[in-house]
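Participant: One file is attached below, run_3.pdb, containing PDB, C-alpha atoms.
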MODEL        1
ATOM      1  CA  MET A  25     -94.174 -91.586 -31.534
ATOM      2  CA  PRO A  26     -91.466 -89.331 -32.924
ATOM      3  CA  ASN A  27     -90.447 -85.831 -31.993
ATOM      4  CA  TYR A  28     -90.660 -83.225 -34.734
ATOM      5  CA  ASP A  29     -88.636 -80.021 -34.883
ATOM      6  CA  TYR A  30     -90.343 -76.841 -36.038
ATOM      7  CA  LYS A  31     -89.082 -73.350 -36.768
ATOM      8  CA  CYS A  32     -91.142 -70.182 -37.002
ATOM      9  CA  GLU A  33     -90.505 -68.292 -40.234
ATOM     10  CA  LYS A  34     -91.277 -64.954 -38.564
ATOM     11  CA  CYS A  35     -89.605 -64.985 -35.118
ATOM     12  CA  GLU A  36     -87.272 -67.954 -35.810
ATOM     13  CA  HIS A  37     -88.420 -69.729 -32.629
ATOM     14  CA  LEU A  38     -87.216 -73.346 -32.618
ATOM     15  CA  PHE A  39     -89.279 -75.945 -30.784
ATOM     16  CA  GLU A  40     -89.890 -79.660 -30.641
ATOM     17  CA  VAL A  41     -93.262 -81.412 -30.617
ATOM     18  CA  PHE A  42     -94.006 -85.019 -29.656
ATOM     19  CA  GLN A  43     -96.766 -86.196 -31.999
ATOM     20  CA  THR A  44     -97.906 -89.232 -33.939
ATOM     21  CA  MET A  45     -96.747 -89.812 -37.481
ATOM     22  CA  SER A  46    -100.312 -89.472 -38.749
ATOM     23  CA  ALA A  47    -100.924 -86.133 -36.985
ATOM     24  CA  GLU A  48    -101.259 -82.986 -39.069
ATOM     25  CA  LYS A  49     -98.237 -80.694 -39.274
ATOM     26  CA  LEU A  50     -98.403 -77.611 -37.085
ATOM     27  CA  SER A  51     -98.929 -74.340 -38.915
ATOM     28  CA  ASP A  52     -98.912 -71.559 -36.285
ATOM     29  CA  CYS A  53     -96.142 -70.421 -33.956
ATOM     30  CA  PRO A  54     -96.838 -71.153 -30.260
ATOM     31  CA  GLN A  55     -94.990 -68.018 -29.073
ATOM     32  CA  GLU A  56     -97.082 -65.236 -27.546
ATOM     33  CA  ASN A  57     -97.669 -62.232 -29.819
ATOM     34  CA  CYS A  58     -96.368 -64.098 -32.868
ATOM     35  CA  ASP A  59     -98.692 -65.033 -35.686
ATOM     36  CA  GLY A  60     -95.961 -66.514 -37.870
ATOM     37  CA  LYS A  61     -96.182 -69.727 -39.791
ATOM     38  CA  VAL A  62     -94.002 -72.648 -38.747
ATOM     39  CA  LYS A  63     -92.105 -75.057 -40.915
ATOM     40  CA  ARG A  64     -91.306 -78.623 -39.924
ATOM     41  CA  LEU A  65     -87.578 -79.256 -40.178
ATOM     42  CA  LEU A  66     -85.948 -82.359 -41.530
ATOM     43  CA  GLY A  67     -84.520 -84.391 -38.696
ATOM     44  CA  THR A  68     -81.914 -87.062 -38.557
ATOM     45  CA  GLY A  69     -84.448 -89.498 -37.135
ATOM     46  CA  GLY A  70     -84.061 -91.899 -34.280
ATOM     47  CA  ALA A  71     -81.000 -94.057 -34.339
ATOM     48  CA  VAL A  72     -81.162 -97.716 -33.475
ATOM     49  CA  ILE A  73     -78.913 -98.529 -30.547
ATOM     50  CA  PHE A  74     -77.907-102.117 -29.926
ATOM     51  CA  LYS A  75     -77.100-102.684 -26.254
ATOM     52  CA  GLY A  76     -76.617-105.913 -24.388
ATOM     53  CA  SER A  77     -76.405-109.441 -25.682
ATOM     54  CA  GLY A  78     -78.562-111.080 -28.319
ATOM     55  CA  PHE A  79     -77.528-109.064 -31.362
ATOM     56  CA  TYR A  80     -74.871-111.351 -32.763
ATOM     57  CA  GLU A  81     -75.149-114.868 -34.139
ATOM     58  CA  THR A  82     -72.696-116.159 -31.546
ATOM     59  CA  ASP A  83     -74.857-114.872 -28.679
ATOM     60  CA  TYR A  84     -77.406-117.587 -29.408
ATOM     61  CA  ARG A  85     -75.004-120.530 -29.349
ATOM     62  CA  SER A  86     -76.018-123.418 -27.107
ATOM     63  CA  ASP A  87     -73.962-124.419 -24.089
ATOM     64  CA  SER A  88     -73.053-127.733 -25.723
ATOM     65  CA  TYR A  89     -71.742-125.888 -28.817
ATOM     66  CA  LYS A  90     -69.669-123.542 -26.662
ATOM     67  CA  ALA A  91     -68.223-126.489 -24.701
ATOM     68  CA  GLY A  92     -67.301-128.256 -27.961
ATOM     69  CA  GLU A  93     -65.586-125.137 -29.312
ATOM     70  CA  LYS A  94     -63.605-124.748 -26.094
ATOM     71  CA  LYS A  95     -62.521-128.398 -26.302
ATOM     72  CA  ALA A  96     -61.504-128.040 -29.962
ATOM     73  CA  LYS A  97     -59.517-124.888 -29.252
ATOM     74  CA  LYS A  98     -57.690-126.559 -26.366
ATOM     75  CA  ALA A  99     -56.889-129.599 -28.556
ATOM     76  CA  LYS A 100     -55.546-127.362 -31.322
ATOM     77  CA  GLU A 101     -53.300-125.469 -28.887
ATOM     78  CA  THR A 102     -51.774-128.670 -27.471
ATOM     79  CA  SER A 103     -51.256-130.321 -30.887
ATOM     80  CA  SER A 104     -49.437-127.441 -32.602
ATOM     81  CA  PRO A 105     -45.746-127.262 -31.607
ATOM     82  CA  LYS A 106     -44.439-123.875 -30.578
ATOM     83  CA  LYS A 107     -41.442-122.549 -32.487
ATOM     84  CA  GLU A 108     -38.472-121.600 -30.421
ATOM     85  CA  GLY A 109     -35.213-120.112 -31.488
ATOM     86  CA  ASN A 110     -33.909-117.125 -33.367
ATOM     87  CA  ASP A 111     -34.893-116.686 -36.999
TER
ENDMDL
END
Any chance you could give the structure as structure tokens?

Facilitator:
Amino acid sequence: MPNYDYKCEKCEHLFEVFQTMSAEKLSDCPQENCDGKVKRLLGTGGAVIFKGSGFYETDYRSDSYKAGEKKAKKAKETSSPKKEGND
């Protein structure tokens, strides 16, 4: 359930309400002694946050695949001669 921001058009009171998406918009200001109408503000929405592993294709690689890649990398490093000298 999202949070919605509202602002009173009379007293300019800003407040946030936690309500379902299908719930009716609020219309009256909750402040004491204020009978102003409220307007729901446009929000930026909830951002998706990716934390931890499991979000990249390489996170799902099998152990045998990882071992093979390690072996291939090691073989490539030993087979390519290193350049020495001044160019």

Participant: So how many Å separate atom CA of A:Ser51 and atom CA of A:Lys63, to one decimal?

Facilitator: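 Atom CA of A:Lys63 lies 7.1 Å from atom CA of A:Ser51.
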
Participant: Quick one: residues within 10 Å of A:Val62, all atoms listed in the file, excluding same-chain residues fewer than 5 positions away - as a VMD selection string?

Facilitator: chain A and resid 29 to 39 49 to 54

Participant: Have a look at atom CA of A:Arg85 and atom CA of A:Glu101 and let me know their distance in Å, one decimal.

Facilitator: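 Interatomic distance, atom CA of A:Arg85 to atom CA of A:Glu101: 22.3 Å.
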
Participant: Determine, counting all atoms listed in the file, which protein, DNA and RNA residues have an atom within 12 Å of an atom of A:Met45; residues of the same chain fewer than 3 positions away are not included. Present the result as a short mmCIF file (atom, residue, chain, number, x, y, z; two decimals) with C-alpha atoms, in the coordinates of the input.

Facilitator:
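Result file follows (selection_34.cif):
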data_model
loop_
_atom_site.label_atom_id
_atom_site.label_comp_id
_atom_site.auth_asym_id
_atom_site.auth_seq_id
_atom_site.Cartn_x
_atom_site.Cartn_y
_atom_site.Cartn_z
CA MET A 25 -94.17 -91.59 -31.53
CA PRO A 26 -91.47 -89.33 -32.92
CA ASN A 27 -90.45 -85.83 -31.99
CA TYR A 28 -90.66 -83.22 -34.73
CA VAL A 41 -93.26 -81.41 -30.62
CA PHE A 42 -94.01 -85.02 -29.66
CA GLU A 48 -101.26 -82.99 -39.07
CA LYS A 49 -98.24 -80.69 -39.27
#

Participant: Box along x, y and z, 6 Å on every side, all listed atoms of stretch 83-92 of chain A inside: centre and edge lengths in Å to one decimal, as lines of an AutoDock Vina configuration file.

Facilitator:
center_x = -72.4
center_y = -121.6
center_z = -26.7
size_x = 22.1
size_y = 25.4
size_z = 17.3

Participant: Suppose you want the space between atom CA of A:Ser88 and atom CA of A:Thr102; what is it in Å?

Facilitator: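 Rounded to one decimal, the two atoms are 21.4 Å apart.
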